There are 2 protein chains.
Amino acid sequence: MTAPAVILVRPQLGVNIGACARAMLNFGLTDLRLVSPRDGWPNADAGPAASGADAVLDGARVFDSVADACAGLSLVFATTIRNRELIRRVVTPEQAAADCHALAAPAGIMFGPERTGLETEDLAVAHAILTIPVNPDFGSLNLAQAVLVVAYEWFRQGSGAPAATLVNHDGPAPHEELEGLIAAIDAQLGANGYYNPVPGRAAAARLLMRNLFTRPEYSAGEVRTLRGIVRGLSFKRHPGVD
Amino acid sequence: MTAPAVILVRPQLGVNIGACARAMLNFGLTDLRLVSPRDGWPNADAGPAASGADAVLDGARVFDSVADACAGLSLVFATTIRNRELIRRVVTPEQAAADCHALAAPAGIMFGPERTGLETEDLAVAHAILTIPVNPDFGSLNLAQAVLVVAYEWFRQGSGAPAATLVNHDGPAPHEELEGLIAAIDAQLGANGYYNPVPGRAAAARLLMRNLFTRPEYSAGEVRTLRGIVRGLSFKRHPGVD
(Lines give C-alpha, C1' and ligand atoms only; values in the text may rest on other atoms or scores of the structure.)
Protein backbone atom coordinates (compact mmCIF):
# COMPACT_ATOMS: atom_id res chain seq x y z
CA MET A 1 0.00 0.00 0.00
CA THR A 2 2.83 2.36 -0.93
CA ALA A 3 1.50 5.50 -2.57
CA PRO A 4 1.82 5.27 -6.36
CA ALA A 5 4.44 7.24 -8.28
CA VAL A 6 3.32 9.89 -10.76
CA ILE A 7 5.24 9.78 -14.03
CA LEU A 8 4.95 12.88 -16.21
CA VAL A 9 6.09 12.01 -19.72
CA ARG A 10 7.64 14.90 -21.66
CA PRO A 11 5.78 17.61 -19.73
CA GLN A 12 5.98 21.02 -21.39
CA LEU A 13 5.25 23.81 -18.91
CA GLY A 14 6.89 24.18 -15.52
CA VAL A 15 3.69 25.70 -14.18
CA ASN A 16 1.87 22.46 -14.97
CA ILE A 17 4.54 20.37 -13.26
CA GLY A 18 4.12 22.56 -10.17
CA ALA A 19 0.33 22.23 -10.30
CA CYS A 20 0.72 18.44 -10.52
CA ALA A 21 2.95 18.43 -7.43
CA ARG A 22 0.30 20.42 -5.58
CA ALA A 23 -2.46 18.04 -6.69
CA MET A 24 -0.33 15.06 -5.63
CA LEU A 25 0.55 16.25 -2.15
CA ASN A 26 -3.06 17.16 -1.36
CA PHE A 27 -3.79 13.46 -1.58
CA GLY A 28 -0.58 12.11 -0.10
CA LEU A 29 1.43 11.30 -3.25
CA THR A 30 5.10 12.32 -3.16
CA ASP A 31 7.01 10.24 -5.76
CA LEU A 32 7.24 12.45 -8.86
CA ARG A 33 9.16 11.18 -11.90
CA LEU A 34 9.78 13.31 -14.98
CA VAL A 35 10.64 11.82 -18.37
CA SER A 36 12.48 14.32 -20.60
CA PRO A 37 10.78 17.53 -19.43
CA ARG A 38 10.79 19.88 -22.43
CA ASP A 39 12.38 22.85 -20.65
CA GLY A 40 14.80 20.86 -18.52
CA TRP A 41 14.78 20.47 -14.77
CA PRO A 42 14.64 22.22 -12.34
CA ASN A 43 12.20 24.71 -13.82
CA ALA A 44 11.69 28.08 -12.10
CA ASP A 45 7.98 28.18 -13.05
CA ALA A 46 7.20 25.02 -11.11
CA GLY A 47 7.72 26.32 -7.57
CA PRO A 48 5.09 29.06 -7.44
CA ALA A 49 2.49 26.78 -9.04
CA ALA A 50 3.15 24.11 -6.42
CA SER A 51 1.71 26.39 -3.69
CA GLY A 52 3.92 24.91 -1.01
CA ALA A 53 4.35 21.37 -2.32
CA ASP A 54 8.06 22.06 -2.65
CA ALA A 55 9.10 18.76 -1.12
CA VAL A 56 7.52 16.94 -4.06
CA LEU A 57 9.41 19.10 -6.58
CA ASP A 58 12.67 18.82 -4.67
CA GLY A 59 12.39 15.05 -4.66
CA ALA A 60 11.45 14.76 -8.34
CA ARG A 61 13.69 12.52 -10.44
CA VAL A 62 14.39 12.94 -14.13
CA PHE A 63 14.70 10.05 -16.59
CA ASP A 64 15.53 9.74 -20.27
CA SER A 65 12.96 7.08 -21.05
CA VAL A 66 9.61 5.84 -19.84
CA ALA A 67 11.08 2.40 -19.23
CA ASP A 68 13.80 3.84 -16.96
CA ALA A 69 11.22 5.91 -15.09
CA CYS A 70 9.27 2.74 -14.29
CA ALA A 71 12.16 1.17 -12.36
CA GLY A 72 10.95 -0.26 -9.07
CA LEU A 73 7.30 -0.18 -10.07
CA SER A 74 5.42 -3.46 -10.29
CA LEU A 75 2.29 -2.16 -11.98
CA VAL A 76 2.12 0.80 -14.33
CA PHE A 77 -1.01 2.55 -15.60
CA ALA A 78 -1.00 4.86 -18.61
CA THR A 79 -3.59 7.63 -18.51
CA THR A 80 -5.19 8.29 -21.87
CA ILE A 81 -8.61 9.03 -23.27
CA ARG A 82 -7.99 7.86 -26.78
CA ASN A 83 -8.87 4.40 -27.91
CA ARG A 84 -5.78 3.02 -29.61
CA GLU A 85 -4.94 -0.06 -31.55
CA LEU A 86 -3.61 -1.61 -28.40
CA ILE A 87 -4.78 -4.60 -26.45
CA ARG A 88 -4.86 -3.66 -22.80
CA ARG A 89 -7.06 -3.76 -19.80
CA VAL A 90 -8.78 -0.35 -19.52
CA VAL A 91 -9.64 0.69 -15.97
CA THR A 92 -11.37 3.56 -14.18
CA PRO A 93 -9.47 5.70 -11.64
CA GLU A 94 -11.46 3.80 -9.01
CA GLN A 95 -10.19 0.41 -10.20
CA ALA A 96 -6.62 1.67 -10.61
CA ALA A 97 -6.61 2.99 -7.05
CA ALA A 98 -8.01 -0.30 -5.78
CA ASP A 99 -5.25 -2.16 -7.63
CA CYS A 100 -2.62 0.15 -6.09
CA HIS A 101 -4.01 -0.46 -2.61
CA ALA A 102 -4.09 -4.23 -3.15
CA LEU A 103 -0.49 -4.35 -4.31
CA ALA A 104 2.35 -4.82 -1.83
CA ALA A 105 4.86 -3.21 -4.21
CA PRO A 106 4.76 0.38 -5.54
CA ALA A 107 2.72 1.17 -8.66
CA GLY A 108 3.04 4.08 -11.06
CA ILE A 109 0.62 6.19 -13.04
CA MET A 110 1.84 7.77 -16.24
CA PHE A 111 0.52 11.00 -17.76
CA GLY A 112 1.36 12.30 -21.22
CA PRO A 113 2.39 15.76 -22.40
CA GLU A 114 -0.11 18.61 -22.47
CA ARG A 115 -2.36 18.50 -25.55
CA THR A 116 -0.78 15.54 -27.36
CA GLY A 117 -0.95 12.91 -24.62
CA LEU A 118 0.96 9.65 -24.50
CA GLU A 119 2.36 8.02 -27.62
CA THR A 120 1.81 4.39 -28.55
CA GLU A 121 5.42 3.65 -27.54
CA ASP A 122 4.76 5.03 -24.05
CA LEU A 123 1.60 2.95 -23.65
CA ALA A 124 3.48 -0.23 -24.53
CA VAL A 125 5.41 0.11 -21.24
CA ALA A 126 2.23 0.18 -19.17
CA HIS A 127 0.34 -2.84 -17.92
CA ALA A 128 -3.05 -1.18 -18.19
CA ILE A 129 -4.79 1.92 -19.53
CA LEU A 130 -6.43 4.31 -17.09
CA THR A 131 -9.28 6.35 -18.54
CA ILE A 132 -11.05 9.01 -16.47
CA PRO A 133 -14.77 8.93 -17.30
CA VAL A 134 -15.83 12.38 -18.51
CA ASN A 135 -18.78 14.07 -20.16
CA PRO A 136 -18.77 12.62 -23.71
CA ASP A 137 -19.68 16.07 -25.04
CA PHE A 138 -16.93 17.96 -23.20
CA GLY A 139 -13.75 16.22 -22.16
CA SER A 140 -11.28 18.92 -21.22
CA LEU A 141 -9.19 17.87 -18.25
CA ASN A 142 -5.79 19.48 -18.08
CA LEU A 143 -2.71 17.64 -16.81
CA ALA A 144 -2.98 18.71 -13.16
CA GLN A 145 -6.73 18.00 -13.12
CA ALA A 146 -6.14 14.45 -14.35
CA VAL A 147 -3.48 13.98 -11.66
CA LEU A 148 -5.88 15.42 -9.09
CA VAL A 149 -8.67 12.96 -9.91
CA VAL A 150 -6.35 9.95 -9.82
CA ALA A 151 -4.67 11.08 -6.60
CA TYR A 152 -8.05 11.80 -5.00
CA GLU A 153 -9.23 8.28 -5.79
CA TRP A 154 -6.16 6.79 -4.17
CA PHE A 155 -6.52 8.88 -1.04
CA ARG A 156 -10.29 8.40 -0.82
CA GLN A 157 -9.99 4.64 -0.83
CA GLY A 158 -7.30 4.67 1.84
CA SER A 159 -8.56 7.50 4.01
CA GLY A 160 -11.04 5.44 5.98
CA ALA A 161 -13.03 8.65 6.45
CA PRO A 162 -16.58 7.87 7.53
CA ALA A 163 -19.03 8.74 4.76
CA ALA A 164 -21.08 10.83 7.16
CA THR A 165 -20.74 11.98 10.75
CA LEU A 166 -22.87 14.31 12.79
CA VAL A 167 -20.78 17.06 14.32
CA ASN A 168 -22.55 18.05 17.53
CA HIS A 169 -20.07 19.49 19.95
CA ASP A 170 -22.38 19.28 22.95
CA GLY A 171 -24.19 16.13 21.97
CA PRO A 172 -27.97 15.84 21.90
CA ALA A 173 -29.78 17.26 24.93
CA PRO A 174 -30.78 14.97 27.81
CA HIS A 175 -34.17 13.55 26.97
CA GLU A 176 -36.07 15.32 29.76
CA GLU A 177 -35.09 18.71 28.31
CA LEU A 178 -36.67 17.78 24.99
CA GLU A 179 -39.75 16.56 26.85
CA GLY A 180 -39.87 19.92 28.63
CA LEU A 181 -39.87 21.73 25.28
CA ILE A 182 -42.60 19.52 23.86
CA ALA A 183 -44.70 19.90 27.01
CA ALA A 184 -44.35 23.70 26.89
CA ILE A 185 -45.51 23.85 23.29
CA ASP A 186 -48.30 21.41 24.01
CA ALA A 187 -49.55 23.44 26.98
CA GLN A 188 -49.61 26.69 25.04
CA LEU A 189 -51.33 25.13 22.02
CA GLY A 190 -53.95 23.65 24.34
CA ALA A 191 -54.47 26.99 26.10
CA ASN A 192 -54.86 28.74 22.74
CA GLY A 193 -57.53 26.28 21.58
CA TYR A 194 -55.35 24.88 18.76
CA TYR A 195 -56.51 21.31 19.38
CA ASN A 196 -60.19 22.07 19.79
CA PRO A 197 -62.09 21.96 16.52
CA VAL A 198 -61.31 18.49 15.18
CA PRO A 199 -61.64 15.35 17.32
CA GLY A 200 -58.42 13.35 17.43
CA ARG A 201 -56.38 16.30 16.27
CA ALA A 202 -54.50 16.62 19.55
CA ALA A 203 -53.01 13.11 19.42
CA ALA A 204 -51.94 13.40 15.78
CA ALA A 205 -50.45 16.85 16.34
CA ARG A 206 -48.52 15.69 19.39
CA LEU A 207 -47.03 12.76 17.46
CA LEU A 208 -46.06 15.02 14.59
CA MET A 209 -44.49 17.53 16.98
CA ARG A 210 -42.54 14.84 18.77
CA ASN A 211 -41.10 13.65 15.46
CA LEU A 212 -40.27 17.18 14.35
CA PHE A 213 -38.28 17.95 17.47
CA THR A 214 -36.67 14.59 18.13
CA ARG A 215 -35.12 13.87 14.73
CA PRO A 216 -32.68 16.84 14.59
CA GLU A 217 -30.88 15.69 17.77
CA TYR A 218 -30.97 19.21 19.20
CA SER A 219 -28.33 20.06 21.79
CA ALA A 220 -29.29 21.37 25.25
CA GLY A 221 -28.46 24.91 24.11
CA GLU A 222 -30.65 24.57 21.06
CA VAL A 223 -33.53 23.25 23.17
CA ARG A 224 -33.19 26.31 25.42
CA THR A 225 -33.29 28.56 22.32
CA LEU A 226 -36.44 26.81 21.12
CA ARG A 227 -38.10 27.23 24.52
CA GLY A 228 -37.30 30.93 24.30
CA ILE A 229 -38.89 31.08 20.85
CA VAL A 230 -41.99 29.30 22.16
CA ARG A 231 -42.23 31.82 25.00
CA GLY A 232 -41.66 34.67 22.55
CA LEU A 233 -44.48 33.42 20.35
CA SER A 234 -46.83 32.88 23.27
CA PHE A 235 -46.51 36.04 25.31
CA LYS A 236 -46.09 39.69 24.52
CA ARG A 237 -43.02 41.03 26.31
CA HIS A 238 -44.53 44.53 26.64
CA PRO A 239 -48.26 44.16 27.07
CA GLY A 240 -50.10 46.95 25.34
CA VAL A 241 -47.38 47.52 22.72
CA ASP A 242 -48.15 45.43 19.67
CA MET B 1 -31.10 12.37 -10.44
CA THR B 2 -30.86 15.91 -11.78
CA ALA B 3 -27.25 17.11 -11.77
CA PRO B 4 -26.56 19.27 -8.72
CA ALA B 5 -26.17 23.03 -8.99
CA VAL B 6 -22.83 24.63 -8.11
CA ILE B 7 -23.18 27.76 -5.99
CA LEU B 8 -20.10 29.96 -5.83
CA VAL B 9 -20.45 32.33 -2.89
CA ARG B 10 -18.73 35.72 -3.31
CA PRO B 11 -16.11 34.40 -5.77
CA GLN B 12 -13.27 36.85 -6.32
CA LEU B 13 -11.46 36.11 -9.59
CA GLY B 14 -13.13 35.66 -12.96
CA VAL B 15 -10.43 33.20 -13.94
CA ASN B 16 -11.48 30.95 -11.08
CA ILE B 17 -15.15 31.15 -12.06
CA GLY B 18 -14.14 30.09 -15.57
CA ALA B 19 -12.02 27.22 -14.23
CA CYS B 20 -14.98 26.07 -12.14
CA ALA B 21 -17.22 26.07 -15.23
CA ARG B 22 -14.65 23.91 -17.02
CA ALA B 23 -14.41 21.51 -14.09
CA MET B 24 -18.21 21.29 -13.92
CA LEU B 25 -18.85 20.58 -17.58
CA ASN B 26 -16.21 17.85 -17.69
CA PHE B 27 -18.43 15.93 -15.34
CA GLY B 28 -21.79 16.95 -16.69
CA LEU B 29 -22.75 19.78 -14.32
CA THR B 30 -24.27 22.86 -15.97
CA ASP B 31 -26.25 24.82 -13.34
CA LEU B 32 -23.87 27.55 -12.09
CA ARG B 33 -25.15 30.08 -9.54
CA LEU B 34 -23.08 33.06 -8.39
CA VAL B 35 -23.75 34.91 -5.14
CA SER B 36 -22.42 38.48 -5.20
CA PRO B 37 -19.33 37.91 -7.38
CA ARG B 38 -16.76 40.49 -6.24
CA ASP B 39 -16.04 41.93 -9.70
CA GLY B 40 -19.59 41.74 -11.03
CA TRP B 41 -20.94 39.58 -13.79
CA PRO B 42 -20.23 38.90 -16.61
CA ASN B 43 -16.47 38.90 -16.08
CA ALA B 44 -14.16 38.97 -19.10
CA ASP B 45 -11.55 36.80 -17.38
CA ALA B 46 -13.92 33.87 -17.00
CA GLY B 47 -14.31 32.91 -20.67
CA PRO B 48 -10.70 32.02 -21.50
CA ALA B 49 -10.35 30.01 -18.27
CA ALA B 50 -13.45 28.00 -19.12
CA SER B 51 -11.66 26.40 -22.11
CA GLY B 52 -14.84 25.99 -24.08
CA ALA B 53 -17.34 25.56 -21.27
CA ASP B 54 -19.02 28.77 -22.41
CA ALA B 55 -22.52 27.36 -22.16
CA VAL B 56 -22.07 27.03 -18.39
CA LEU B 57 -20.92 30.65 -18.07
CA ASP B 58 -23.67 31.93 -20.37
CA GLY B 59 -26.27 30.16 -18.28
CA ALA B 60 -24.88 31.34 -14.93
CA ARG B 61 -27.34 33.19 -12.69
CA VAL B 62 -26.42 35.87 -10.18
CA PHE B 63 -28.05 36.24 -6.76
CA ASP B 64 -27.76 38.69 -3.88
CA SER B 65 -27.94 36.11 -1.12
CA VAL B 66 -27.13 32.48 -0.48
CA ALA B 67 -30.75 31.83 0.46
CA ASP B 68 -31.98 33.21 -2.88
CA ALA B 69 -29.40 31.15 -4.75
CA CYS B 70 -30.77 27.99 -3.16
CA ALA B 71 -34.25 28.45 -4.66
CA GLY B 72 -35.49 25.21 -6.18
CA LEU B 73 -32.90 23.08 -4.41
CA SER B 74 -34.09 20.45 -1.95
CA LEU B 75 -30.76 19.58 -0.43
CA VAL B 76 -27.81 21.95 -0.08
CA PHE B 77 -24.26 21.01 0.88
CA ALA B 78 -21.71 23.58 2.05
CA THR B 79 -18.09 22.75 1.23
CA THR B 80 -15.68 23.62 4.01
CA ILE B 81 -12.69 22.11 5.71
CA ARG B 82 -12.97 23.97 8.96
CA ASN B 83 -14.69 22.54 11.98
CA ARG B 84 -17.11 25.18 13.21
CA GLU B 85 -19.37 25.58 16.15
CA LEU B 86 -22.17 24.25 14.06
CA ILE B 87 -24.25 21.14 14.41
CA ARG B 88 -24.48 19.50 11.02
CA ARG B 89 -24.07 16.21 9.29
CA VAL B 90 -20.56 16.18 7.74
CA VAL B 91 -20.25 14.07 4.60
CA THR B 92 -17.57 13.00 2.13
CA PRO B 93 -17.86 13.92 -1.57
CA GLU B 94 -18.79 10.27 -2.10
CA GLN B 95 -21.73 10.47 0.30
CA ALA B 96 -22.86 13.85 -1.04
CA ALA B 97 -22.89 12.48 -4.58
CA ALA B 98 -24.83 9.41 -3.45
CA ASP B 99 -27.36 11.69 -1.75
CA CYS B 100 -27.69 13.75 -4.95
CA HIS B 101 -28.30 10.61 -7.00
CA ALA B 102 -30.86 9.30 -4.53
CA LEU B 103 -32.84 12.54 -4.57
CA ALA B 104 -35.62 13.10 -7.09
CA ALA B 105 -35.29 16.90 -6.78
CA PRO B 106 -32.20 18.99 -7.59
CA ALA B 107 -29.50 19.48 -4.97
CA GLY B 108 -26.86 22.19 -4.71
CA ILE B 109 -23.28 22.34 -3.57
CA MET B 110 -21.98 25.61 -2.19
CA PHE B 111 -18.34 26.76 -2.34
CA GLY B 112 -16.91 29.76 -0.51
CA PRO B 113 -14.67 32.58 -1.71
CA GLU B 114 -11.01 31.93 -2.46
CA ARG B 115 -8.85 31.89 0.68
CA THR B 116 -11.49 32.79 3.25
CA GLY B 117 -14.12 30.14 2.52
CA LEU B 118 -17.72 30.15 3.64
CA GLU B 119 -18.91 32.20 6.61
CA THR B 120 -21.00 30.79 9.43
CA GLU B 121 -24.02 32.62 8.00
CA ASP B 122 -23.58 30.81 4.68
CA LEU B 123 -23.30 27.42 6.35
CA ALA B 124 -26.56 27.98 8.22
CA VAL B 125 -28.42 27.79 4.88
CA ALA B 126 -26.98 24.35 4.09
CA HIS B 127 -28.43 21.04 5.23
CA ALA B 128 -25.04 19.37 5.53
CA ILE B 129 -21.32 20.07 5.42
CA LEU B 130 -19.22 18.53 2.65
CA THR B 131 -15.56 18.02 3.52
CA ILE B 132 -13.10 16.69 0.96
CA PRO B 133 -10.65 14.34 2.69
CA VAL B 134 -7.09 15.60 2.11
CA ASN B 135 -3.59 14.99 3.37
CA PRO B 136 -3.66 16.32 6.96
CA ASP B 137 -0.18 17.77 6.42
CA PHE B 138 -0.99 19.58 3.18
CA GLY B 139 -4.52 20.68 2.39
CA SER B 140 -4.28 23.11 -0.51
CA LEU B 141 -7.18 22.65 -2.90
CA ASN B 142 -8.13 25.74 -4.84
CA LEU B 143 -11.71 26.56 -5.74
CA ALA B 144 -11.78 24.86 -9.14
CA GLN B 145 -10.02 21.77 -7.74
CA ALA B 146 -12.66 21.42 -5.03
CA VAL B 147 -15.39 21.75 -7.66
CA LEU B 148 -13.57 19.18 -9.82
CA VAL B 149 -13.46 16.56 -7.06
CA VAL B 150 -17.12 17.00 -6.17
CA ALA B 151 -18.21 16.98 -9.81
CA TYR B 152 -16.06 13.92 -10.53
CA GLU B 153 -17.73 12.03 -7.69
CA TRP B 154 -21.16 12.83 -9.03
CA PHE B 155 -20.27 11.73 -12.55
CA ARG B 156 -18.39 8.63 -11.42
CA GLN B 157 -21.35 7.32 -9.50
CA GLY B 158 -23.70 7.90 -12.38
CA SER B 159 -21.46 6.95 -15.27
CA GLY B 160 -22.01 3.23 -15.06
CA ALA B 161 -18.56 2.83 -16.59
CA PRO B 162 -17.29 -0.70 -16.03
CA ALA B 163 -14.36 -0.68 -13.60
CA ALA B 164 -12.25 -2.63 -16.04
CA THR B 165 -12.63 -3.79 -19.60
CA LEU B 166 -10.21 -5.51 -21.92
CA VAL B 167 -9.90 -3.61 -25.16
CA ASN B 168 -9.05 -6.22 -27.76
CA HIS B 169 -10.14 -5.04 -31.14
CA ASP B 170 -9.84 -8.43 -32.82
CA GLY B 171 -10.81 -10.55 -29.82
CA PRO B 172 -8.73 -13.49 -28.63
CA ALA B 173 -7.45 -15.86 -31.32
CA PRO B 174 -9.36 -19.07 -32.13
CA HIS B 175 -8.10 -21.74 -29.81
CA GLU B 176 -6.46 -23.88 -32.47
CA GLU B 177 -4.12 -21.02 -33.38
CA LEU B 178 -2.89 -20.81 -29.80
CA GLU B 179 -2.44 -24.60 -29.81
CA GLY B 180 -0.41 -24.28 -32.99
CA LEU B 181 1.91 -21.77 -31.29
CA ILE B 182 2.34 -23.95 -28.22
CA ALA B 183 3.00 -27.01 -30.38
CA ALA B 184 5.60 -25.14 -32.43
CA ILE B 185 7.48 -24.04 -29.31
CA ASP B 186 7.16 -27.50 -27.83
CA ALA B 187 8.56 -29.16 -30.95
CA GLN B 188 11.55 -26.87 -31.13
CA LEU B 189 12.32 -27.18 -27.41
CA GLY B 190 12.14 -30.98 -27.77
CA ALA B 191 14.43 -30.93 -30.79
CA ASN B 192 16.92 -28.73 -28.95
CA GLY B 193 17.06 -31.14 -25.99
CA TYR B 194 15.53 -28.60 -23.58
CA TYR B 195 13.41 -31.25 -21.86
CA ASN B 196 16.08 -33.93 -21.58
CA PRO B 197 18.11 -33.66 -18.40
CA VAL B 198 15.44 -33.79 -15.67
CA PRO B 199 12.71 -36.46 -15.64
CA GLY B 200 9.24 -34.91 -15.51
CA ARG B 201 10.52 -31.57 -16.70
CA ALA B 202 8.68 -31.75 -19.99
CA ALA B 203 5.22 -32.02 -18.43
CA ALA B 204 5.84 -29.19 -15.96
CA ALA B 205 7.31 -26.97 -18.65
CA ARG B 206 4.40 -27.60 -20.98
CA LEU B 207 1.90 -26.67 -18.27
CA LEU B 208 3.80 -23.49 -17.46
CA MET B 209 4.01 -22.57 -21.12
CA ARG B 210 0.30 -23.15 -21.64
CA ASN B 211 -0.48 -20.83 -18.75
CA LEU B 212 1.94 -18.17 -19.97
CA PHE B 213 0.40 -18.01 -23.41
CA THR B 214 -3.26 -18.52 -22.56
CA ARG B 215 -3.73 -15.86 -19.89
CA PRO B 216 -3.01 -12.75 -22.01
CA GLU B 217 -5.86 -13.57 -24.45
CA TYR B 218 -3.63 -12.94 -27.47
CA SER B 219 -5.34 -11.99 -30.68
CA ALA B 220 -4.81 -13.97 -33.88
CA GLY B 221 -2.35 -11.31 -35.10
CA GLU B 222 -0.37 -11.50 -31.89
CA VAL B 223 -0.23 -15.30 -32.10
CA ARG B 224 1.20 -14.97 -35.63
CA THR B 225 3.80 -12.50 -34.33
CA LEU B 226 4.77 -14.93 -31.58
CA ARG B 227 5.10 -17.79 -34.09
CA GLY B 228 7.42 -15.57 -36.09
CA ILE B 229 9.50 -14.88 -32.98
CA VAL B 230 9.69 -18.60 -32.26
CA ARG B 231 10.89 -19.23 -35.81
CA GLY B 232 13.35 -16.38 -35.52
CA LEU B 233 14.79 -17.82 -32.31
CA SER B 234 14.96 -21.31 -33.74
CA PHE B 235 16.52 -20.82 -37.17
CA LYS B 236 19.17 -18.56 -38.59
CA ARG B 237 17.71 -16.70 -41.55
CA HIS B 238 21.10 -16.57 -43.32
CA PRO B 239 23.03 -19.75 -42.47
CA GLY B 240 26.70 -19.02 -42.18
CA VAL B 241 26.21 -15.37 -41.14
CA ASP B 242 26.12 -15.21 -37.36
# chains A, B, ... in the order shown; residues from 1 in each chain; ligands from 1
>>> interface_residues(of="chain B", to="chain A", cutoff="7 Å", atoms="only C-alpha atoms", output="list in words")
Leu25, Asn26, Phe27, Gly28, Ile87, Arg88, Arg89, Val90, Val91, Thr92, Gln95, Pro133, Val134, Asn135, Phe138, Gly139, Ser140, Val149, Arg156, Ala163, Ala164, Thr165, Leu166, Val167 and Asn168 of chain B
>>> residues_around(residues="Gly180 of chain A", least_positions_apart="5", cutoff="10 Å", atoms="only C-alpha atoms", output="number ranges by chain")
A: 175, 185-186, 223-224, 227
>>> write_last_selection(atoms="N, CA, C and O atoms", output="short mmCIF file (atom, residue, chain, number, x, y, z; two decimals), in the first residue's frame")
data_model
loop_
_atom_site.label_atom_id
_atom_site.label_comp_id
_atom_site.auth_asym_id
_atom_site.auth_seq_id
_atom_site.Cartn_x
_atom_site.Cartn_y
_atom_site.Cartn_z
N HIS A 175 -32.82 13.73 27.48
CA HIS A 175 -34.17 13.55 26.97
C HIS A 175 -35.20 14.41 27.70
O HIS A 175 -36.13 14.95 27.07
N ILE A 185 -44.76 23.54 24.52
CA ILE A 185 -45.51 23.85 23.29
C ILE A 185 -46.93 23.31 23.41
O ILE A 185 -47.92 24.01 23.10
N ASP A 186 -47.00 22.07 23.88
CA ASP A 186 -48.30 21.41 24.01
C ASP A 186 -49.24 22.21 24.91
O ASP A 186 -50.42 22.42 24.56
N VAL A 223 -32.22 23.44 22.54
CA VAL A 223 -33.53 23.25 23.17
C VAL A 223 -33.90 24.49 23.98
O VAL A 223 -35.05 24.96 23.94
N ARG A 224 -32.92 25.07 24.67
CA ARG A 224 -33.19 26.31 25.42
C ARG A 224 -33.61 27.43 24.47
O ARG A 224 -34.54 28.19 24.74
N ARG A 227 -37.15 26.88 23.45
CA ARG A 227 -38.10 27.23 24.52
C ARG A 227 -38.28 28.74 24.58
O ARG A 227 -39.39 29.24 24.80
#
>>> closest_residue(among="B:Ala78, B:Ile17, B:Pro37, B:Ala71", to="Val56 of chain B", atoms="only C-alpha atoms")
B:Ile17
>>> closest_residue(among="A:Ala102, A:Val35, A:Ala173, A:Ala184", to="Val66 of chain A", atoms="only C-alpha atoms")
A:Val35
>>> select_by_dssp(residues="segment 87-229 of chain A", states="helix (DSSP H, G or I)", output="PyMOL selection string")
chain A and resi 93-102+120-123+143-159+175-191+201-214+220-229
